[in-house]
Structures are given as structure tokens and as C-alpha cells.
Amino acid sequence: PGNDSAHGASFDQCISQSRRHYIRKDLKVKNNKPAKTRALTGTALSSTSSRIPRLMTPEATALLASISLALFAVYGWLGLRYSTPLTGTIVSLAARTVTLGAALALSGGVPRYQPAAMKVFVFLGALQSAISLLTFIGLQKIGTSGSQPLRNSYPLWSTLIAILILHEQASLAVLAGTLLVVAGVVLISWKPETVTPSYRAWHVVYSLGAGFLAGLAFPLRRYGLTITNEPIFSAS
């Protein structure tokens with residue numbers, strides 16, 4: 001009976017060790033599987049920049065954006081000769097929706113997105129419609145050469161918001177650039193070179209209003225992208 005008891009204890013120990021071995025092995029497989037899944041899909045869901053190949057440097061992208069904005073103003077002014085600011089706003093909104101929707105489809109579709117970021121960019125979408133409307137009214141009232149420098153005064157407003165509300169520190173170069181923007185706005189508003197027959201001095205408010213709202217939009221865009229870095233989906 002003593003030997004049987006010893007053999008029984010030894011057998012039980014072997015069974016217990018085997019169970020522990022397979023349990024550890026099973027847990028290891030389960031723990032590793034999500035890690036592998038994250039390694040394969042986590043990058044693809046993190047941001048648009050990782051889901052599509054980088055075709056241009058950030059500097060080239062910024063330059064292309066500047067050229068596109070200039071073309072927007074020129075063609076907008078030409079279109080307003082045959083239409084109204086409200087029609088121009090609706091058509092441009094539809095064109096952006098189609099173009100960005102196609103870009104989103106080509107970049108991999110709708111990504112994983114945080115609700116907080118969604119709220120920010122839904123508000124920015126409504127804000128952008130107001131910016132476009134004010135921009136088109138400014139183009140119609142005071143022309144391209146007068147309205148666009150005022151519309152592009154947004155660095156001034158962005159800087160003021162960053163300093164006064166976000167409590168950021170501004171360097172000497174940033175302050176000097178801001179003062180130059182203010183000087184340019186004053187010179188353009190004082191006496192525009194070419195005006196329409198219905199021009200009034202207060203018409204500059206339209207373009208300045210568009211610039212102010214654009215200056216407000218830039219910090220909000222940056223904030224939204226810090227929550228979810230998906231610029232194409234956010235723009236669409």
C-alpha cells in the first residue's frame with residue numbers, strides 16, 4: 001500500500017505538471033495572438049499617413065495647398081461674374097465632398113475614429129461653409145487683389161488665439177510676422193487699388209471675417225488631429 005501510494009502521488013504530480021505546461025502554453029498563444037494582430041493592423045488603423053504611401057514631403061504638400069488656395073480665389077472670382085456667393089459656396093462644398101470622398105476611398109476607406117474628434121470636425125465642417133460664403137462675398141464686393149490678403153490674415157488671429165487663450169509662448173519672429181500682417185491689412189483696407197462700383201469701406205468686414213474664422217479653425221484642426229490623426233477622413 002505504501003508503494004501504491006507513492007506511485008499514485010508521483011502520477012498525480014506528472015498530471016499536474018502536464019496541465020500547468022499546457023495551460024501556460026495556451027495562455028502564451030492567446031496573449032501573443034492579439035499582439036500579432038496589433039502588429040499587423042494597428043499601424044493601418046492609427047493614421048492615414050501610414051495607410052497610404054508618402055508621395056510628397058510636408059513642404060511640397062504645403063506649397064501645393066497654397067497654390068490650390070490661390071486658384072480657388074481666381075476661379076471663384078471668375079465664377080462670381082455669372083453667379084452668386086451662395087451658389088458658389090454650395091458648388092464648392094459639393095466638389096470638395098466628391099473629391100475628398102474619392103480620396104478617402106482610395107486611402108483605405110473609413111478608419112477607426114474617436115467620437116471627440118468627430119464632434120470637432122463636424123463643427124469645423126459647418127464653420128468652413130461660413131468661411132467659404134464670406135470669402136465669396138468678399139471676392140464679389142472688393143475683388144481678388146483686395147479680398148485675398150484680408151482673407152489670408154488668419155495667421156494674425158491664430159497667433160492671438162494661441163497666445164491669449166492657449167497661453168502659448170510666441171517667439172520674436174512670430175510677433176514680427178504678426179505685426180507685418182496687421183500692417184498689410186491696414187494698407188489694403190485703407191484704399192484699395194481697384195474697387196467695384198458698389199464698393200463700400202465696410203465691405204472689408206466680409207474678408208476679414210473669413211480670415212478670423214479661418215484663424216479660429218486652424219487651432220481646432222490641430223486639436224482634432226491630436227485626438228485622431230486621420231486628415232483625409234477629417235477633411236471629408
# chains A, B, ... in the order shown; residues from 1 in each chain; ligands from 1
call {"tool": "residues_around", "arguments": {"residues": "Lys119 of chain A", "least_positions_apart": "3", "cutoff": "12 Å", "atoms": "only C-alpha atoms", "output": "compact mmCIF listing (two decimals) with C-alpha atoms, in the first residue's frame"}}
result
# COMPACT_ATOMS: atom_id res chain seq x y z
CA TYR A 113 -12.26 57.30 -35.27
CA GLN A 114 -12.72 58.82 -31.82
CA PRO A 115 -16.15 60.41 -31.10
CA ALA A 116 -14.48 63.52 -29.63
CA VAL A 122 -18.38 68.25 -37.68
CA PHE A 123 -18.25 71.73 -36.12
CA LEU A 124 -15.33 72.63 -38.41
CA GLY A 125 -17.35 71.48 -41.43
CA ALA A 126 -20.12 73.96 -40.58
CA LEU A 220 -9.25 73.42 -33.75
CA ARG A 221 -7.98 71.29 -36.65
CA TYR A 223 -6.61 69.78 -31.67
CA GLY A 224 -8.84 67.32 -33.53
CA LEU A 225 -5.88 65.67 -35.25
CA ILE A 227 -7.18 63.05 -30.91
CA THR A 228 -7.33 61.01 -34.13
CA SER A 234 -11.38 64.58 -41.13
call {"tool": "residues_around", "arguments": {"residues": "Thr144 of chain A", "least_positions_apart": "6", "cutoff": "8 Å", "atoms": "only C-alpha atoms", "output": "NGL selection string"}}
result
:A and (73-74 or 77)
call {"tool": "atom_distance", "arguments": {"atom1": "atom CA of Gly138 of chain A", "atom2": "atom CA of Gly215 of chain A"}}
result
16.6 Å
call {"tool": "residues_around", "arguments": {"residues": "Val185 of chain A", "least_positions_apart": "2", "cutoff": "12 Å", "atoms": "only C-alpha atoms", "output": "mmCIF file with C-alpha atoms, in the first residue's frame"}}
result
data_model
loop_
_atom_site.group_PDB
_atom_site.id
_atom_site.type_symbol
_atom_site.label_atom_id
_atom_site.label_comp_id
_atom_site.auth_asym_id
_atom_site.auth_seq_id
_atom_site.Cartn_x
_atom_site.Cartn_y
_atom_site.Cartn_z
ATOM 1 C CA GLY A 146 -8.186 93.280 -52.137
ATOM 2 C CA SER A 147 -10.096 90.416 -50.542
ATOM 3 C CA GLN A 148 -7.486 87.663 -50.554
ATOM 4 C CA PRO A 149 -4.819 89.435 -48.455
ATOM 5 C CA LEU A 150 -7.545 90.178 -45.902
ATOM 6 C CA ARG A 151 -8.811 86.599 -46.086
ATOM 7 C CA ASN A 152 -5.240 85.397 -45.531
ATOM 8 C CA SER A 153 -4.908 87.398 -42.319
ATOM 9 C CA TYR A 154 -5.679 84.172 -40.433
ATOM 10 C CA PRO A 155 -2.083 83.848 -39.064
ATOM 11 C CA LEU A 156 -2.795 87.005 -37.062
ATOM 12 C CA THR A 178 2.116 89.124 -36.974
ATOM 13 C CA LEU A 179 2.823 92.864 -36.978
ATOM 14 C CA LEU A 180 3.587 92.721 -40.701
ATOM 15 C CA VAL A 181 0.248 91.003 -41.293
ATOM 16 C CA VAL A 182 -1.515 93.781 -39.366
ATOM 17 C CA ALA A 183 0.315 96.436 -41.403
ATOM 18 C CA LEU A 187 -2.797 99.289 -46.016
ATOM 19 C CA ILE A 188 -5.210 97.186 -48.062
ATOM 20 C CA SER A 189 -8.259 98.346 -46.122
ATOM 21 C CA TRP A 190 -7.244 101.999 -46.255
ATOM 22 C CA LYS A 191 -7.587 102.478 -50.007
ATOM 23 C CA PRO A 192 -7.887 99.502 -52.376
ATOM 24 C CA VAL A 204 -13.702 94.554 -45.972
ATOM 25 C CA VAL A 205 -15.533 93.035 -42.987
ATOM 26 C CA SER A 207 -12.948 89.078 -45.998
ATOM 27 C CA LEU A 208 -11.679 89.912 -42.517
ATOM 28 C CA GLY A 211 -9.842 85.346 -42.130
#
call {"tool": "residues_around", "arguments": {"residues": "Thr159 of chain A", "least_positions_apart": "2", "cutoff": "10 Å", "atoms": "only C-alpha atoms", "output": "PyMOL selection string"}}
result
chain A and resi 154-157+161-166+168-170+174-175+177-178+215-216+219
call {"tool": "residues_around", "arguments": {"residues": "Ser129 of chain A", "least_positions_apart": "5", "cutoff": "9 Å", "atoms": "only C-alpha atoms", "output": "number ranges by chain"}}
result
A: 89-90, 93, 124, 134
call {"tool": "select_by_dssp", "arguments": {"residues": "segment 54-230 of chain A", "states": "alpha helix (DSSP H)", "output": "JSON, numbers by chain"}}
result
{"A": [58, 59, 60, 61, 62, 63, 64, 65, 66, 67, 68, 69, 70, 71, 72, 73, 74, 75, 76, 77, 78, 79, 85, 86, 87, 88, 89, 90, 91, 92, 93, 94, 95, 96, 97, 98, 99, 100, 101, 102, 103, 104, 105, 106, 115, 116, 117, 118, 119, 120, 121, 122, 123, 124, 125, 126, 127, 128, 129, 130, 131, 132, 133, 134, 135, 136, 137, 138, 139, 140, 141, 142, 144, 145, 146, 147, 148, 149, 150, 151, 154, 155, 156, 157, 158, 159, 160, 161, 162, 163, 164, 172, 173, 174, 175, 176, 177, 178, 179, 180, 181, 182, 183, 184, 185, 186, 187, 188, 189, 190, 204, 205, 206, 207, 208, 209, 210, 211, 212, 213, 214, 215, 216, 217, 218, 219, 220, 221, 222, 223, 224, 225, 226, 227]}
call {"tool": "residues_around", "arguments": {"residues": "Ser236 of chain A", "least_positions_apart": "3", "cutoff": "10 Å", "atoms": "only C-alpha atoms", "output": "PDB file with N, CA, C and O atoms, in the first residue's frame"}}
result
ATOM      1  N   ARG A  96     -15.868  69.575 -53.053  1.00  0.00           N
ATOM      2  CA  ARG A  96     -14.965  69.079 -52.011  1.00  0.00           C
ATOM      3  C   ARG A  96     -15.434  67.735 -51.478  1.00  0.00           C
ATOM      4  O   ARG A  96     -14.622  66.849 -51.205  1.00  0.00           O
ATOM      5  N   THR A  97     -16.745  67.581 -51.330  1.00  0.00           N
ATOM      6  CA  THR A  97     -17.282  66.325 -50.807  1.00  0.00           C
ATOM      7  C   THR A  97     -16.960  65.167 -51.750  1.00  0.00           C
ATOM      8  O   THR A  97     -16.513  64.094 -51.313  1.00  0.00           O
ATOM      9  N   VAL A  98     -17.156  65.386 -53.047  1.00  0.00           N
ATOM     10  CA  VAL A  98     -16.880  64.329 -54.033  1.00  0.00           C
ATOM     11  C   VAL A  98     -15.386  64.021 -54.093  1.00  0.00           C
ATOM     12  O   VAL A  98     -14.963  62.857 -54.079  1.00  0.00           O
ATOM     13  N   THR A  99     -14.562  65.065 -54.149  1.00  0.00           N
ATOM     14  CA  THR A  99     -13.110  64.870 -54.276  1.00  0.00           C
ATOM     15  C   THR A  99     -12.532  64.171 -53.046  1.00  0.00           C
ATOM     16  O   THR A  99     -11.766  63.204 -53.159  1.00  0.00           O
ATOM     17  N   LEU A 100     -12.893  64.653 -51.865  1.00  0.00           N
ATOM     18  CA  LEU A 100     -12.352  64.063 -50.643  1.00  0.00           C
ATOM     19  C   LEU A 100     -12.935  62.678 -50.386  1.00  0.00           C
ATOM     20  O   LEU A 100     -12.263  61.822 -49.819  1.00  0.00           O
ATOM     21  N   GLY A 101     -14.178  62.457 -50.814  1.00  0.00           N
ATOM     22  CA  GLY A 101     -14.752  61.119 -50.686  1.00  0.00           C
ATOM     23  C   GLY A 101     -13.992  60.109 -51.530  1.00  0.00           C
ATOM     24  O   GLY A 101     -13.725  58.983 -51.087  1.00  0.00           O
ATOM     25  N   ALA A 102     -13.616  60.522 -52.743  1.00  0.00           N
ATOM     26  CA  ALA A 102     -12.823  59.639 -53.606  1.00  0.00           C
ATOM     27  C   ALA A 102     -11.438  59.394 -53.012  1.00  0.00           C
ATOM     28  O   ALA A 102     -10.933  58.265 -53.029  1.00  0.00           O
ATOM     29  N   ALA A 103     -10.827  60.440 -52.453  1.00  0.00           N
ATOM     30  CA  ALA A 103      -9.517  60.273 -51.813  1.00  0.00           C
ATOM     31  C   ALA A 103      -9.604  59.338 -50.616  1.00  0.00           C
ATOM     32  O   ALA A 103      -8.700  58.522 -50.382  1.00  0.00           O
ATOM     33  N   LEU A 104     -10.697  59.436 -49.867  1.00  0.00           N
ATOM     34  CA  LEU A 104     -10.884  58.556 -48.707  1.00  0.00           C
ATOM     35  C   LEU A 104     -11.029  57.106 -49.152  1.00  0.00           C
ATOM     36  O   LEU A 104     -10.459  56.201 -48.530  1.00  0.00           O
ATOM     37  N   PHE A 121     -14.615  67.960 -35.857  1.00  0.00           N
ATOM     38  CA  PHE A 121     -14.577  68.163 -37.301  1.00  0.00           C
ATOM     39  C   PHE A 121     -15.973  68.368 -37.900  1.00  0.00           C
ATOM     40  O   PHE A 121     -16.092  68.967 -38.966  1.00  0.00           O
ATOM     41  N   VAL A 122     -17.025  67.898 -37.249  1.00  0.00           N
ATOM     42  CA  VAL A 122     -18.380  68.251 -37.683  1.00  0.00           C
ATOM     43  C   VAL A 122     -18.598  69.753 -37.490  1.00  0.00           C
ATOM     44  O   VAL A 122     -19.147  70.439 -38.369  1.00  0.00           O
ATOM     45  N   GLY A 125     -16.693  71.536 -40.129  1.00  0.00           N
ATOM     46  CA  GLY A 125     -17.352  71.479 -41.428  1.00  0.00           C
ATOM     47  C   GLY A 125     -18.370  72.598 -41.589  1.00  0.00           C
ATOM     48  O   GLY A 125     -18.430  73.254 -42.645  1.00  0.00           O
ATOM     49  N   PRO A 231      -6.224  62.830 -41.340  1.00  0.00           N
ATOM     50  CA  PRO A 231      -6.520  64.105 -42.032  1.00  0.00           C
ATOM     51  C   PRO A 231      -7.482  63.965 -43.212  1.00  0.00           C
ATOM     52  O   PRO A 231      -8.310  64.844 -43.429  1.00  0.00           O
ATOM     53  N   ILE A 232      -7.386  62.885 -43.979  1.00  0.00           N
ATOM     54  CA  ILE A 232      -8.268  62.766 -45.146  1.00  0.00           C
ATOM     55  C   ILE A 232      -9.712  62.559 -44.706  1.00  0.00           C
ATOM     56  O   ILE A 232     -10.623  63.232 -45.204  1.00  0.00           O
ATOM     57  N   PHE A 233      -9.942  61.656 -43.780  1.00  0.00           N
ATOM     58  CA  PHE A 233     -11.295  61.444 -43.292  1.00  0.00           C
ATOM     59  C   PHE A 233     -11.815  62.677 -42.583  1.00  0.00           C
ATOM     60  O   PHE A 233     -12.992  63.043 -42.717  1.00  0.00           O
TER      61      PHE A 233
END
call {"tool": "residues_around", "arguments": {"residues": "Phe72 of chain A", "least_positions_apart": "4", "cutoff": "12 Å", "atoms": "only C-alpha atoms", "output": "VMD selection string"}}
result
chain A and resid 65 to 68 76 to 80 88 to 89 92 95 to 96 132 135 to 136 139 144 148
call {"tool": "decode", "arguments": {"residues": "segment 209-229 of chain A", "atoms": "N, CA, C and O atoms", "output": "compact mmCIF listing (two decimals), in the first residue's frame"}}
result
# COMPACT_ATOMS: atom_id res chain seq x y z
N GLY A 209 -13.72 88.80 -41.78
CA GLY A 209 -14.46 87.79 -41.04
C GLY A 209 -14.07 86.38 -41.46
O GLY A 209 -13.92 85.49 -40.61
N ALA A 210 -13.89 86.18 -42.77
CA ALA A 210 -13.43 84.87 -43.26
C ALA A 210 -12.05 84.55 -42.72
O ALA A 210 -11.76 83.40 -42.33
N GLY A 211 -11.18 85.56 -42.68
CA GLY A 211 -9.84 85.35 -42.13
C GLY A 211 -9.86 85.02 -40.66
O GLY A 211 -9.11 84.15 -40.18
N PHE A 212 -10.74 85.71 -39.90
CA PHE A 212 -10.84 85.44 -38.46
C PHE A 212 -11.34 84.01 -38.21
O PHE A 212 -10.79 83.30 -37.36
N LEU A 213 -12.38 83.59 -38.93
CA LEU A 213 -12.90 82.24 -38.74
C LEU A 213 -11.87 81.19 -39.15
O LEU A 213 -11.77 80.12 -38.53
N ALA A 214 -11.10 81.48 -40.21
CA ALA A 214 -10.04 80.56 -40.61
C ALA A 214 -8.97 80.47 -39.54
O ALA A 214 -8.42 79.39 -39.26
N GLY A 215 -8.65 81.61 -38.92
CA GLY A 215 -7.68 81.61 -37.83
C GLY A 215 -8.18 80.81 -36.63
O GLY A 215 -7.38 80.18 -35.92
N LEU A 216 -9.49 80.83 -36.40
CA LEU A 216 -10.07 80.02 -35.34
C LEU A 216 -10.05 78.53 -35.69
O LEU A 216 -9.87 77.67 -34.83
N ALA A 217 -10.22 78.23 -36.98
CA ALA A 217 -10.32 76.84 -37.42
C ALA A 217 -8.99 76.10 -37.31
O ALA A 217 -8.97 74.90 -37.01
N PHE A 218 -7.88 76.78 -37.55
CA PHE A 218 -6.59 76.09 -37.57
C PHE A 218 -6.22 75.47 -36.22
O PHE A 218 -5.82 74.30 -36.17
N PRO A 219 -6.34 76.19 -35.10
CA PRO A 219 -6.06 75.52 -33.81
C PRO A 219 -7.02 74.38 -33.53
O PRO A 219 -6.63 73.36 -32.95
N LEU A 220 -8.29 74.51 -33.97
CA LEU A 220 -9.25 73.42 -33.75
C LEU A 220 -8.89 72.20 -34.60
O LEU A 220 -9.04 71.06 -34.14
N ARG A 221 -8.42 72.42 -35.82
CA ARG A 221 -7.98 71.29 -36.65
C ARG A 221 -6.83 70.55 -36.00
O ARG A 221 -6.80 69.32 -35.97
N ARG A 222 -5.89 71.32 -35.50
CA ARG A 222 -4.74 70.69 -34.84
C ARG A 222 -5.18 69.90 -33.61
O ARG A 222 -4.70 68.78 -33.37
N TYR A 223 -6.10 70.47 -32.86
CA TYR A 223 -6.61 69.78 -31.67
C TYR A 223 -7.30 68.48 -32.07
O TYR A 223 -7.10 67.43 -31.45
N GLY A 224 -8.14 68.53 -33.09
CA GLY A 224 -8.84 67.32 -33.53
C GLY A 224 -7.89 66.25 -34.02
O GLY A 224 -8.08 65.06 -33.76
N LEU A 225 -6.83 66.65 -34.73
CA LEU A 225 -5.88 65.67 -35.25
C LEU A 225 -5.02 65.07 -34.15
O LEU A 225 -4.46 63.98 -34.33
N THR A 226 -4.88 65.76 -33.01
CA THR A 226 -4.16 65.15 -31.90
C THR A 226 -4.99 64.05 -31.24
O THR A 226 -4.44 63.16 -30.60
N ILE A 227 -6.32 64.11 -31.43
CA ILE A 227 -7.18 63.05 -30.91
C ILE A 227 -7.16 61.83 -31.83
O ILE A 227 -6.95 60.70 -31.39
N THR A 228 -7.37 62.07 -33.12
CA THR A 228 -7.33 61.01 -34.13
C THR A 228 -6.64 61.57 -35.36
O THR A 228 -7.16 62.47 -36.01
N ASN A 229 -5.49 61.03 -35.69
CA ASN A 229 -4.68 61.55 -36.78
C ASN A 229 -5.12 60.93 -38.11
O ASN A 229 -4.46 60.06 -38.67
